[in-house]
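Peer 1: Next comes final.pdb, PDB, C-alpha atoms and all ligand atoms:
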ATOM      1  CA  MET A  14     -10.917 -50.233 -13.313
ATOM      2  CA  ASN A  15     -14.227 -48.281 -13.405
ATOM      3  CA  LYS A  16     -15.999 -49.966 -10.552
ATOM      4  CA  ILE A  17     -17.958 -48.500  -7.660
ATOM      5  CA  CYS A  18     -18.414 -50.201  -4.300
ATOM      6  CA  VAL A  19     -21.390 -48.908  -2.296
ATOM      7  CA  ILE A  20     -21.373 -49.812   1.397
ATOM      8  CA  GLY A  21     -24.660 -48.965   3.076
ATOM      9  CA  SER A  22     -28.325 -49.273   3.788
ATOM     10  CA  ILE A  23     -31.118 -51.140   2.030
ATOM     11  CA  ASN A  24     -34.689 -50.227   3.070
ATOM     12  CA  MET A  25     -38.233 -50.835   1.999
ATOM     13  CA  ASP A  26     -39.935 -47.429   1.829
ATOM     14  CA  LEU A  27     -43.569 -47.230   2.954
ATOM     15  CA  VAL A  28     -44.796 -44.033   1.339
ATOM     16  CA  VAL A  29     -47.946 -41.952   1.793
ATOM     17  CA  ASN A  30     -48.851 -38.635   0.161
ATOM     18  CA  VAL A  31     -50.393 -35.799   2.172
ATOM     19  CA  ASP A  32     -51.258 -32.170   1.447
ATOM     20  CA  GLU A  33     -49.455 -30.792   4.484
ATOM     21  CA  MET A  34     -47.020 -32.527   6.848
ATOM     22  CA  PRO A  35     -48.738 -33.676  10.078
ATOM     23  CA  LYS A  36     -48.192 -31.561  13.195
ATOM     24  CA  LYS A  37     -47.167 -33.113  16.551
ATOM     25  CA  GLY A  38     -50.043 -35.246  17.869
ATOM     26  CA  GLN A  39     -52.086 -34.891  14.664
ATOM     27  CA  THR A  40     -53.618 -37.773  12.703
ATOM     28  CA  LEU A  41     -54.036 -37.168   8.991
ATOM     29  CA  ILE A  42     -55.694 -39.088   6.182
ATOM     30  CA  GLY A  43     -53.167 -39.577   3.408
ATOM     31  CA  SER A  44     -53.416 -41.196  -0.022
ATOM     32  CA  ASN A  45     -51.541 -43.188  -2.629
ATOM     33  CA  PHE A  46     -49.801 -45.682  -0.267
ATOM     34  CA  LYS A  47     -46.873 -47.434  -1.941
ATOM     35  CA  GLU A  48     -44.086 -49.878  -1.058
ATOM     36  CA  VAL A  49     -40.969 -48.722  -2.896
ATOM     37  CA  PRO A  50     -37.405 -50.105  -2.692
ATOM     38  CA  GLY A  51     -35.150 -47.521  -1.063
ATOM     39  CA  GLY A  52     -32.393 -47.011   1.478
ATOM     40  CA  LYS A  53     -29.703 -44.422   0.822
ATOM     41  CA  GLY A  54     -27.057 -47.043   0.040
ATOM     42  CA  ALA A  55     -29.233 -49.089  -2.294
ATOM     43  CA  ASN A  56     -30.537 -45.928  -3.989
ATOM     44  CA  GLN A  57     -26.986 -44.768  -4.679
ATOM     45  CA  ALA A  58     -26.007 -48.219  -5.971
ATOM     46  CA  VAL A  59     -29.028 -48.427  -8.305
ATOM     47  CA  ALA A  60     -28.518 -44.810  -9.423
ATOM     48  CA  ALA A  61     -24.900 -45.517 -10.386
ATOM     49  CA  SER A  62     -25.784 -48.794 -12.099
ATOM     50  CA  ARG A  63     -28.595 -47.234 -14.179
ATOM     51  CA  LEU A  64     -26.094 -44.566 -15.229
ATOM     52  CA  GLY A  65     -23.870 -47.268 -16.689
ATOM     53  CA  ALA A  66     -21.418 -48.050 -13.871
ATOM     54  CA  ASN A  67     -20.230 -51.430 -12.731
ATOM     55  CA  VAL A  68     -21.522 -51.482  -9.125
ATOM     56  CA  CYS A  69     -21.072 -53.815  -6.191
ATOM     57  CA  MET A  70     -23.085 -53.322  -2.998
ATOM     58  CA  VAL A  71     -22.173 -54.333   0.556
ATOM     59  CA  GLY A  72     -25.032 -54.430   3.075
ATOM     60  CA  LYS A  73     -27.665 -56.506   4.833
ATOM     61  CA  VAL A  74     -31.361 -57.257   4.441
ATOM     62  CA  GLY A  75     -33.626 -59.146   6.830
ATOM     63  CA  SER A  76     -35.191 -62.599   6.542
ATOM     64  CA  ASP A  77     -38.689 -61.022   6.310
ATOM     65  CA  GLY A  78     -40.698 -60.668   3.089
ATOM     66  CA  PHE A  79     -39.065 -57.330   2.252
ATOM     67  CA  GLY A  80     -35.525 -58.758   2.274
ATOM     68  CA  GLN A  81     -35.846 -60.946  -0.803
ATOM     69  CA  ASN A  82     -37.736 -58.220  -2.738
ATOM     70  CA  LEU A  83     -35.012 -55.707  -1.961
ATOM     71  CA  LEU A  84     -32.321 -58.134  -3.042
ATOM     72  CA  ASN A  85     -34.164 -58.932  -6.288
ATOM     73  CA  GLN A  86     -34.575 -55.241  -7.041
ATOM     74  CA  LEU A  87     -30.799 -54.741  -6.777
ATOM     75  CA  LYS A  88     -30.107 -57.796  -8.948
ATOM     76  CA  ASN A  89     -32.641 -56.627 -11.557
ATOM     77  CA  ASN A  90     -30.715 -53.366 -11.716
ATOM     78  CA  ASN A  91     -27.432 -55.153 -12.396
ATOM     79  CA  VAL A  92     -25.967 -54.409  -8.973
ATOM     80  CA  ASP A  93     -23.581 -57.159  -7.836
ATOM     81  CA  THR A  94     -25.165 -58.512  -4.611
ATOM     82  CA  LYS A  95     -22.492 -61.099  -3.760
ATOM     83  CA  TYR A  96     -21.654 -59.197  -0.562
ATOM     84  CA  ILE A  97     -25.217 -58.628   0.644
ATOM     85  CA  GLN A  98     -26.166 -60.922   3.504
ATOM     86  CA  ILE A  99     -29.600 -61.973   4.711
ATOM     87  CA  GLU A 100     -29.812 -61.598   8.514
ATOM     88  CA  GLU A 101     -32.440 -63.269  10.697
ATOM     89  CA  GLY A 102     -35.082 -60.610  11.569
ATOM     90  CA  ALA A 103     -36.452 -57.417  10.072
ATOM     91  CA  SER A 104     -35.167 -55.548   7.027
ATOM     92  CA  GLY A 105     -34.623 -51.808   7.135
ATOM     93  CA  VAL A 106     -37.878 -49.909   6.668
ATOM     94  CA  ALA A 107     -38.457 -46.194   6.021
ATOM     95  CA  LEU A 108     -41.759 -44.471   6.763
ATOM     96  CA  ILE A 109     -42.021 -41.629   4.277
ATOM     97  CA  THR A 110     -44.556 -38.814   4.033
ATOM     98  CA  VAL A 111     -44.504 -36.685   0.870
ATOM     99  CA  ASP A 112     -46.396 -33.373   0.836
ATOM    100  CA  LYS A 113     -47.919 -31.401  -2.033
ATOM    101  CA  ASN A 114     -44.719 -29.359  -2.417
ATOM    102  CA  ALA A 115     -42.768 -32.570  -3.182
ATOM    103  CA  GLU A 116     -40.961 -32.357   0.168
ATOM    104  CA  ASN A 117     -40.639 -35.419   2.389
ATOM    105  CA  ALA A 118     -40.232 -36.439   6.016
ATOM    106  CA  ILE A 119     -38.562 -39.801   6.670
ATOM    107  CA  VAL A 120     -38.257 -42.028   9.743
ATOM    108  CA  VAL A 121     -36.011 -45.082   9.342
ATOM    109  CA  SER A 122     -36.161 -48.320  11.311
ATOM    110  CA  PRO A 123     -32.695 -49.697  10.484
ATOM    111  CA  GLY A 124     -33.362 -53.434  11.053
ATOM    112  CA  ALA A 125     -30.678 -55.528   9.331
ATOM    113  CA  ASN A 126     -28.703 -52.415   8.292
ATOM    114  CA  PHE A 127     -27.546 -51.978  11.885
ATOM    115  CA  LYS A 128     -26.069 -55.485  11.866
ATOM    116  CA  LEU A 129     -23.397 -54.554   9.340
ATOM    117  CA  ALA A 130     -20.183 -55.088  11.325
ATOM    118  CA  GLN A 131     -16.440 -54.594  10.873
ATOM    119  CA  LYS A 132     -16.003 -58.305  10.103
ATOM    120  CA  ASP A 133     -18.398 -57.847   7.156
ATOM    121  CA  ILE A 134     -16.045 -55.196   5.775
ATOM    122  CA  ASP A 135     -13.135 -57.655   6.134
ATOM    123  CA  ASN A 136     -15.225 -60.262   4.310
ATOM    124  CA  CYS A 137     -15.914 -57.907   1.408
ATOM    125  CA  ILE A 138     -12.401 -56.540   1.113
ATOM    126  CA  ASP A 139     -12.156 -57.895  -2.466
ATOM    127  CA  ALA A 140     -15.139 -55.731  -3.459
ATOM    128  CA  ILE A 141     -13.238 -52.670  -2.202
ATOM    129  CA  LYS A 142      -9.974 -53.817  -3.841
ATOM    130  CA  GLU A 143     -11.707 -54.236  -7.207
ATOM    131  CA  SER A 144     -13.267 -50.738  -7.147
ATOM    132  CA  ASN A 145     -11.778 -47.318  -7.725
ATOM    133  CA  VAL A 146     -14.509 -45.425  -5.854
ATOM    134  CA  VAL A 147     -16.128 -46.367  -2.526
ATOM    135  CA  VAL A 148     -19.431 -44.699  -1.543
ATOM    136  CA  ILE A 149     -20.782 -44.726   2.029
ATOM    137  CA  GLN A 150     -23.699 -43.037   3.873
ATOM    138  CA  LEU A 151     -24.672 -42.887   7.564
ATOM    139  CA  GLU A 152     -27.505 -45.442   7.850
ATOM    140  CA  THR A 153     -25.254 -48.271   9.099
ATOM    141  CA  PRO A 154     -23.299 -48.449  12.414
ATOM    142  CA  ILE A 155     -20.768 -45.656  12.773
ATOM    143  CA  ASP A 156     -17.912 -47.989  13.860
ATOM    144  CA  THR A 157     -18.403 -49.996  10.674
ATOM    145  CA  ILE A 158     -18.411 -46.823   8.582
ATOM    146  CA  LYS A 159     -15.194 -45.639  10.244
ATOM    147  CA  TYR A 160     -13.559 -49.024   9.601
ATOM    148  CA  ALA A 161     -14.754 -49.164   5.978
ATOM    149  CA  LEU A 162     -13.317 -45.705   5.297
ATOM    150  CA  GLU A 163      -9.994 -46.669   6.935
ATOM    151  CA  LYS A 164      -9.724 -49.873   4.887
ATOM    152  CA  SER A 165     -10.678 -48.061   1.674
ATOM    153  CA  LYS A 166      -7.996 -45.432   2.205
ATOM    154  CA  GLU A 167      -5.396 -48.114   3.096
ATOM    155  CA  LEU A 168      -6.194 -49.557  -0.328
ATOM    156  CA  ASP A 169      -5.833 -46.089  -1.872
ATOM    157  CA  LYS A 170      -9.462 -45.821  -3.039
ATOM    158  CA  PHE A 171     -11.348 -42.574  -3.630
ATOM    159  CA  THR A 172     -13.921 -42.314  -0.829
ATOM    160  CA  ILE A 173     -17.249 -40.491  -1.000
ATOM    161  CA  LEU A 174     -19.264 -40.010   2.184
ATOM    162  CA  ASN A 175     -22.860 -38.878   1.819
ATOM    163  CA  PRO A 176     -23.399 -37.769   5.442
ATOM    164  CA  ALA A 177     -27.080 -38.618   5.693
ATOM    165  CA  PRO A 178     -28.783 -38.782   8.075
ATOM    166  CA  ALA A 179     -26.308 -36.310   9.580
ATOM    167  CA  VAL A 180     -24.635 -36.810  12.926
ATOM    168  CA  LYS A 181     -21.504 -35.117  14.286
ATOM    169  CA  LEU A 182     -18.512 -37.079  12.975
ATOM    170  CA  GLY A 183     -15.148 -37.573  14.677
ATOM    171  CA  ASP A 184     -11.986 -36.341  12.980
ATOM    172  CA  ASP A 185     -10.868 -39.992  12.740
ATOM    173  CA  ILE A 186     -13.744 -40.525  10.268
ATOM    174  CA  ILE A 187     -13.481 -37.211   8.440
ATOM    175  CA  LYS A 188      -9.752 -37.602   7.677
ATOM    176  CA  ASN A 189     -10.512 -40.599   5.457
ATOM    177  CA  VAL A 190     -13.150 -38.815   3.352
ATOM    178  CA  ASP A 191     -12.056 -37.570  -0.060
ATOM    179  CA  LEU A 192     -15.430 -36.114  -1.025
ATOM    180  CA  LEU A 193     -18.289 -35.202   1.310
ATOM    181  CA  THR A 194     -21.745 -34.604  -0.218
ATOM    182  CA  PRO A 195     -23.952 -32.959   2.444
ATOM    183  CA  ASN A 196     -27.039 -30.848   1.935
ATOM    184  CA  GLU A 197     -27.212 -27.539   3.819
ATOM    185  CA  THR A 198     -28.831 -29.007   6.950
ATOM    186  CA  GLU A 199     -26.326 -31.844   7.083
ATOM    187  CA  LEU A 200     -23.421 -29.420   6.643
ATOM    188  CA  GLU A 201     -24.764 -27.315   9.513
ATOM    189  CA  ILE A 202     -24.856 -30.353  11.840
ATOM    190  CA  LEU A 203     -21.422 -31.587  10.773
ATOM    191  CA  SER A 204     -19.643 -28.245  11.007
ATOM    192  CA  GLY A 205     -21.501 -26.639  13.917
ATOM    193  CA  VAL A 206     -21.865 -23.443  11.807
ATOM    194  CA  SER A 207     -25.440 -22.231  11.487
ATOM    195  CA  ILE A 208     -26.228 -21.626   7.838
ATOM    196  CA  ASN A 209     -28.329 -18.676   6.680
ATOM    197  CA  ASN A 210     -26.560 -17.557   3.507
ATOM    198  CA  GLU A 211     -23.800 -18.442   1.053
ATOM    199  CA  ASP A 212     -21.048 -17.004   3.277
ATOM    200  CA  ASP A 213     -22.157 -19.386   6.043
ATOM    201  CA  ILE A 214     -21.941 -22.335   3.628
ATOM    202  CA  LEU A 215     -18.371 -21.342   2.768
ATOM    203  CA  LYS A 216     -17.515 -20.934   6.463
ATOM    204  CA  ALA A 217     -18.994 -24.357   7.267
ATOM    205  CA  ALA A 218     -17.188 -25.951   4.317
ATOM    206  CA  GLN A 219     -13.934 -24.403   5.517
ATOM    207  CA  VAL A 220     -14.446 -26.044   8.928
ATOM    208  CA  MET A 221     -14.822 -29.423   7.214
ATOM    209  CA  LEU A 222     -11.743 -28.867   5.011
ATOM    210  CA  GLU A 223      -9.733 -28.004   8.120
ATOM    211  CA  LYS A 224     -10.925 -31.207   9.761
ATOM    212  CA  GLY A 225      -9.418 -33.152   6.847
ATOM    213  CA  VAL A 226     -12.138 -33.577   4.191
ATOM    214  CA  LYS A 227     -10.440 -33.101   0.792
ATOM    215  CA  LYS A 228     -13.443 -31.834  -1.217
ATOM    216  CA  LEU A 229     -17.120 -31.056  -0.644
ATOM    217  CA  ILE A 230     -20.165 -30.793  -2.833
ATOM    218  CA  VAL A 231     -22.997 -29.107  -0.964
ATOM    219  CA  THR A 232     -26.367 -29.865  -2.541
ATOM    220  CA  LEU A 233     -28.725 -26.885  -2.331
ATOM    221  CA  GLY A 234     -31.972 -28.454  -3.583
ATOM    222  CA  SER A 235     -33.698 -26.400  -6.290
ATOM    223  CA  LYS A 236     -30.965 -23.713  -6.014
ATOM    224  CA  GLY A 237     -28.186 -25.964  -7.312
ATOM    225  CA  SER A 238     -24.955 -27.303  -5.865
ATOM    226  CA  LEU A 239     -21.607 -25.938  -4.773
ATOM    227  CA  TYR A 240     -18.199 -27.637  -5.131
ATOM    228  CA  ILE A 241     -15.504 -26.498  -2.703
ATOM    229  CA  ASP A 242     -11.901 -27.562  -2.133
ATOM    230  CA  LYS A 243      -8.900 -25.677  -0.700
ATOM    231  CA  GLU A 244      -8.359 -23.731  -3.968
ATOM    232  CA  ASN A 245     -11.609 -23.816  -5.916
ATOM    233  CA  LYS A 246     -15.276 -23.003  -5.601
ATOM    234  CA  ILE A 247     -17.674 -23.938  -8.409
ATOM    235  CA  PHE A 248     -21.404 -23.184  -8.270
ATOM    236  CA  LYS A 249     -23.825 -25.044 -10.554
ATOM    237  CA  LYS A 250     -27.402 -23.832 -10.881
ATOM    238  CA  SER A 251     -29.980 -26.598 -10.853
ATOM    239  CA  TYR A 252     -31.887 -27.571 -13.999
ATOM    240  CA  LYS A 253     -35.504 -26.427 -13.765
ATOM    241  CA  VAL A 254     -38.112 -29.191 -13.788
ATOM    242  CA  TYR A 255     -41.551 -29.731 -12.285
ATOM    243  CA  ALA A 256     -40.863 -31.544  -8.990
ATOM    244  CA  ILE A 257     -43.362 -34.046  -7.661
ATOM    245  CA  ASP A 258     -41.237 -35.943  -5.118
ATOM    246  CA  THR A 259     -37.741 -35.075  -3.886
ATOM    247  CA  THR A 260     -37.144 -38.487  -2.258
ATOM    248  CA  ALA A 261     -33.727 -39.892  -3.280
ATOM    249  CA  ALA A 262     -32.709 -36.718  -5.152
ATOM    250  CA  GLY A 263     -29.565 -36.492  -2.999
ATOM    251  CA  ASP A 264     -28.891 -40.203  -3.549
ATOM    252  CA  SER A 265     -29.227 -39.860  -7.310
ATOM    253  CA  TYR A 266     -26.822 -36.896  -7.176
ATOM    254  CA  THR A 267     -24.208 -38.763  -5.125
ATOM    255  CA  GLY A 268     -24.557 -41.854  -7.347
ATOM    256  CA  ALA A 269     -24.039 -39.718 -10.448
ATOM    257  CA  ILE A 270     -20.992 -37.982  -8.970
ATOM    258  CA  ALA A 271     -19.486 -41.387  -8.156
ATOM    259  CA  VAL A 272     -20.045 -42.526 -11.753
ATOM    260  CA  SER A 273     -18.427 -39.434 -13.275
ATOM    261  CA  LEU A 274     -15.435 -39.474 -10.942
ATOM    262  CA  SER A 275     -14.914 -43.218 -11.436
ATOM    263  CA  GLN A 276     -14.753 -42.469 -15.171
ATOM    264  CA  GLY A 277     -12.080 -39.820 -14.593
ATOM    265  CA  LYS A 278     -14.322 -36.858 -15.519
ATOM    266  CA  ASN A 279     -13.436 -33.416 -14.135
ATOM    267  CA  VAL A 280     -15.436 -31.813 -11.332
ATOM    268  CA  GLU A 281     -17.335 -29.368 -13.571
ATOM    269  CA  ASP A 282     -18.564 -32.149 -15.836
ATOM    270  CA  ALA A 283     -19.364 -34.307 -12.821
ATOM    271  CA  ILE A 284     -21.554 -31.690 -11.129
ATOM    272  CA  ASP A 285     -23.306 -30.842 -14.390
ATOM    273  CA  PHE A 286     -24.109 -34.528 -14.962
ATOM    274  CA  ALA A 287     -25.235 -35.008 -11.350
ATOM    275  CA  SER A 288     -27.456 -31.911 -11.570
ATOM    276  CA  ARG A 289     -29.204 -33.377 -14.620
ATOM    277  CA  VAL A 290     -29.676 -36.703 -12.826
ATOM    278  CA  GLY A 291     -30.995 -35.025  -9.657
ATOM    279  CA  ALA A 292     -33.418 -32.910 -11.688
ATOM    280  CA  LEU A 293     -34.862 -35.948 -13.475
ATOM    281  CA  CYS A 294     -35.148 -37.844 -10.187
ATOM    282  CA  VAL A 295     -37.576 -35.308  -8.667
ATOM    283  CA  THR A 296     -39.936 -35.556 -11.645
ATOM    284  CA  LYS A 297     -40.975 -39.088 -10.600
ATOM    285  CA  GLU A 298     -42.415 -40.581  -7.424
ATOM    286  CA  GLY A 299     -40.518 -42.740  -4.967
ATOM    287  CA  ALA A 300     -36.883 -43.628  -4.347
ATOM    288  CA  GLN A 301     -35.582 -46.304  -6.748
ATOM    289  CA  THR A 302     -38.664 -45.843  -8.961
ATOM    290  CA  SER A 303     -37.450 -42.315  -9.759
ATOM    291  CA  LEU A 304     -33.798 -42.961 -10.630
ATOM    292  CA  PRO A 305     -33.093 -42.235 -14.313
ATOM    293  CA  THR A 306     -31.159 -44.403 -16.763
ATOM    294  CA  ILE A 307     -28.205 -43.005 -18.704
ATOM    295  CA  GLU A 308     -30.369 -42.939 -21.847
ATOM    296  CA  GLU A 309     -33.022 -40.842 -20.103
ATOM    297  CA  VAL A 310     -30.378 -38.376 -18.933
ATOM    298  CA  LEU A 311     -28.708 -38.078 -22.341
ATOM    299  CA  ASN A 312     -31.993 -37.748 -24.249
ATOM    300  CA  TYR A 313     -33.749 -35.262 -21.951
ATOM    301  CA  LYS A 314     -33.909 -31.706 -23.326
ATOM    302  CA  PHE A 315     -33.259 -29.467 -20.335
TER
HETATM  303  O1  LIG B 401     -32.696 -40.724   0.687
HETATM  304  C1  LIG B 401     -33.925 -41.350   0.606
HETATM  305  C2  LIG B 401     -33.904 -42.624   1.396
HETATM  306  O2  LIG B 401     -33.746 -42.331   2.765
HETATM  307  C3  LIG B 401     -35.175 -43.425   1.322
HETATM  308  O3  LIG B 401     -35.196 -44.313   0.246
HETATM  309  C4  LIG B 401     -35.249 -44.088   2.679
HETATM  310  O4  LIG B 401     -35.154 -45.466   2.650
HETATM  311  C5  LIG B 401     -34.137 -43.446   3.519
HETATM  312  O5  LIG B 401     -33.037 -44.258   3.616
END
Give the structure from the file, written as structure tokens.
Peer 2:
Amino acid sequence: MNKICVIGSINMDLVVNVDEMPKKGQTLIGSNFKEVPGGKGANQAVAASRLGANVCMVGKVGSDGFGQNLLNQLKNNNVDTKYIQIEEGASGVALITVDKNAENAIVVSPGANFKLAQKDIDNCIDAIKESNVVVIQLETPIDTIKYALEKSKELDKFTILNPAPAVKLGDDIIKNVDLLTPNETELEILSGVSINNEDDILKAAQVMLEKGVKKLIVTLGSKGSLYIDKENKIFKKSYKVYAIDTTAAGDSYTGAIAVSLSQGKNVEDAIDFASRVGALCVTKEGAQTSLPTIEEVLNYKF
């Protein structure tokens, strides 16, 4: 059963390019405005599907114009949308600014994503039952996330939590996470350890392992990524590419890890594959517009 269930957010990204990020109180003229399908959950679902996985998504869109477009985008990418509901009102929207160094700043208006409730998890329990890996992020209500993780573990599924955007998490959530995929900033918020060097990352990871997370992969941007469990530590340098937009790089990485683990690959192969996927993602603009297909990953000469 190689199936992935993604429970999470679906947003329309409203993107503008700037040279420098605006300062507080500053108005800037940007360029290249685009509407791009995004949302961490939907990005991870599309990433996994383009990489060849059988993916089902659980989430909500609004009854506005964006909702149907977002749903169509998922369907066109072969994501099973049976458990995505259309709620009266606004869809999730993300306001994204991308600077000339390919870095971004994102503000999310959650809209329909914040209407995902525990009863919706009960209603999609078959989607969880049919999957071997369940992937969740933090752009839907925290009580729903906690419940979804509990139900997934009751059903003995492998759970991946991409803790973005990061908030402090209770131990009752953490204990049901098999694999956590934070970046450095997210790890700092989750662990309470301030991170300035590799030793700090290890200290922070240790805090999370003690809280009950089974494994972590810390994404380090252009530096690479670090796998840590109670016995092992594996560092993978990133593949060098020319980055134009880092939006959804973390999502593509988490999606790729989910694919590899659902196929029974070992951790080293999984992080190598995810590093290739993440590298290709930053070479293109936008969120779902930048997610590579399996053919692109296999054919690219790194
Ligand atoms: O991780 C990138 C995503 O974060 C964007 O697509 C945006 O919608 C926000 O959810």
Peer 1: Please find the residues contacting ligand LIG 401 (chain B) at a distance of at most 10 Å between atoms, with all atoms listed in the file counted, and report them as a count of residues only.
Peer 2: 45
Peer 1: Mind telling me what the PyMOL selection byres (((chain A and resi 231) around 6) and not hetatm) catches here, as a PyMOL selection string?
Peer 2: chain A and resi 194-196+230+232+238-239
Peer 1: List the residues matched by the PyMOL selection byres (((chain A and resi 225) around 12) and not hetatm) in the displayed structure as a PDB file with C-alpha atoms, in the frame of the given file, ordered by chain and then by residue number.
Peer 2:
ATOM      1  CA  LEU A 182     -18.512 -37.079  12.975  1.00  0.00           C
ATOM      2  CA  GLY A 183     -15.148 -37.573  14.677  1.00  0.00           C
ATOM      3  CA  ASP A 184     -11.986 -36.341  12.980  1.00  0.00           C
ATOM      4  CA  ASP A 185     -10.868 -39.992  12.740  1.00  0.00           C
ATOM      5  CA  ILE A 186     -13.744 -40.525  10.268  1.00  0.00           C
ATOM      6  CA  ILE A 187     -13.481 -37.211   8.440  1.00  0.00           C
ATOM      7  CA  LYS A 188      -9.752 -37.602   7.677  1.00  0.00           C
ATOM      8  CA  ASN A 189     -10.512 -40.599   5.457  1.00  0.00           C
ATOM      9  CA  VAL A 190     -13.150 -38.815   3.352  1.00  0.00           C
ATOM     10  CA  ASP A 191     -12.056 -37.570  -0.060  1.00  0.00           C
ATOM     11  CA  LEU A 192     -15.430 -36.114  -1.025  1.00  0.00           C
ATOM     12  CA  LEU A 193     -18.289 -35.202   1.310  1.00  0.00           C
ATOM     13  CA  ALA A 218     -17.188 -25.951   4.317  1.00  0.00           C
ATOM     14  CA  GLN A 219     -13.934 -24.403   5.517  1.00  0.00           C
ATOM     15  CA  VAL A 220     -14.446 -26.044   8.928  1.00  0.00           C
ATOM     16  CA  MET A 221     -14.822 -29.423   7.214  1.00  0.00           C
ATOM     17  CA  LEU A 222     -11.743 -28.867   5.011  1.00  0.00           C
ATOM     18  CA  GLU A 223      -9.733 -28.004   8.120  1.00  0.00           C
ATOM     19  CA  LYS A 224     -10.925 -31.207   9.761  1.00  0.00           C
ATOM     20  CA  VAL A 226     -12.138 -33.577   4.191  1.00  0.00           C
ATOM     21  CA  LYS A 227     -10.440 -33.101   0.792  1.00  0.00           C
ATOM     22  CA  LYS A 228     -13.443 -31.834  -1.217  1.00  0.00           C
ATOM     23  CA  LEU A 229     -17.120 -31.056  -0.644  1.00  0.00           C
ATOM     24  CA  ASP A 242     -11.901 -27.562  -2.133  1.00  0.00           C
ATOM     25  CA  LYS A 243      -8.900 -25.677  -0.700  1.00  0.00           C
TER      26      LYS A 243
END
Peer 1: Please report the interatomic distance between atom CA of Asn279 of chain A and atom CA of Asn175 of chain A in Å with one decimal.
Peer 2: 19.3 Å
Peer 1: Within 10 Å of (-45.7, -31.8, -3.7) (coordinates as in the file), grab all the protein and nucleic acid residues, counting all atoms listed in the file, and write them out as a tab-separated table (two decimals) with C-alpha atoms, keeping the file's coordinate frame.
Peer 2:
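Listing of part31.tsv after writing:
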chain	number	residue	atom	x	y	z
A	30	ASN	CA	-48.85	-38.64	0.16
A	31	VAL	CA	-50.39	-35.80	2.17
A	32	ASP	CA	-51.26	-32.17	1.45
A	33	GLU	CA	-49.46	-30.79	4.48
A	111	VAL	CA	-44.50	-36.68	0.87
A	112	ASP	CA	-46.40	-33.37	0.84
A	113	LYS	CA	-47.92	-31.40	-2.03
A	114	ASN	CA	-44.72	-29.36	-2.42
A	115	ALA	CA	-42.77	-32.57	-3.18
A	116	GLU	CA	-40.96	-32.36	0.17
A	117	ASN	CA	-40.64	-35.42	2.39
A	255	TYR	CA	-41.55	-29.73	-12.28
A	256	ALA	CA	-40.86	-31.54	-8.99
A	257	ILE	CA	-43.36	-34.05	-7.66
A	258	ASP	CA	-41.24	-35.94	-5.12
A	259	THR	CA	-37.74	-35.08	-3.89
Peer 1: Please expand the PyMOL selection byres (((chain A and resi 310-315) around 12) and not hetatm) into the concrete residues it hits in this file, giving the result as a ChimeraX atom specification.
Peer 2: /A:60,63-65,251-255,265,269,285-294,304-309
Peer 1: Which distance in Å separates atom CA of Ala61 of chain A and atom CA of Ser273 of chain A, to one decimal?
Peer 2: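 The value is 9.3 Å.
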Peer 1: Around segment 100-104 of chain A, fit a box with edges along x, y and z, padding it by 8 Å on each side, then list its centre and edge lengths in Å to one decimal as AutoDock Vina command-line options.
Peer 2:
--center_x -33.1 --center_y -59.4 --center_z 9.3 --size_x 22.6 --size_y 23.7 --size_z 20.5
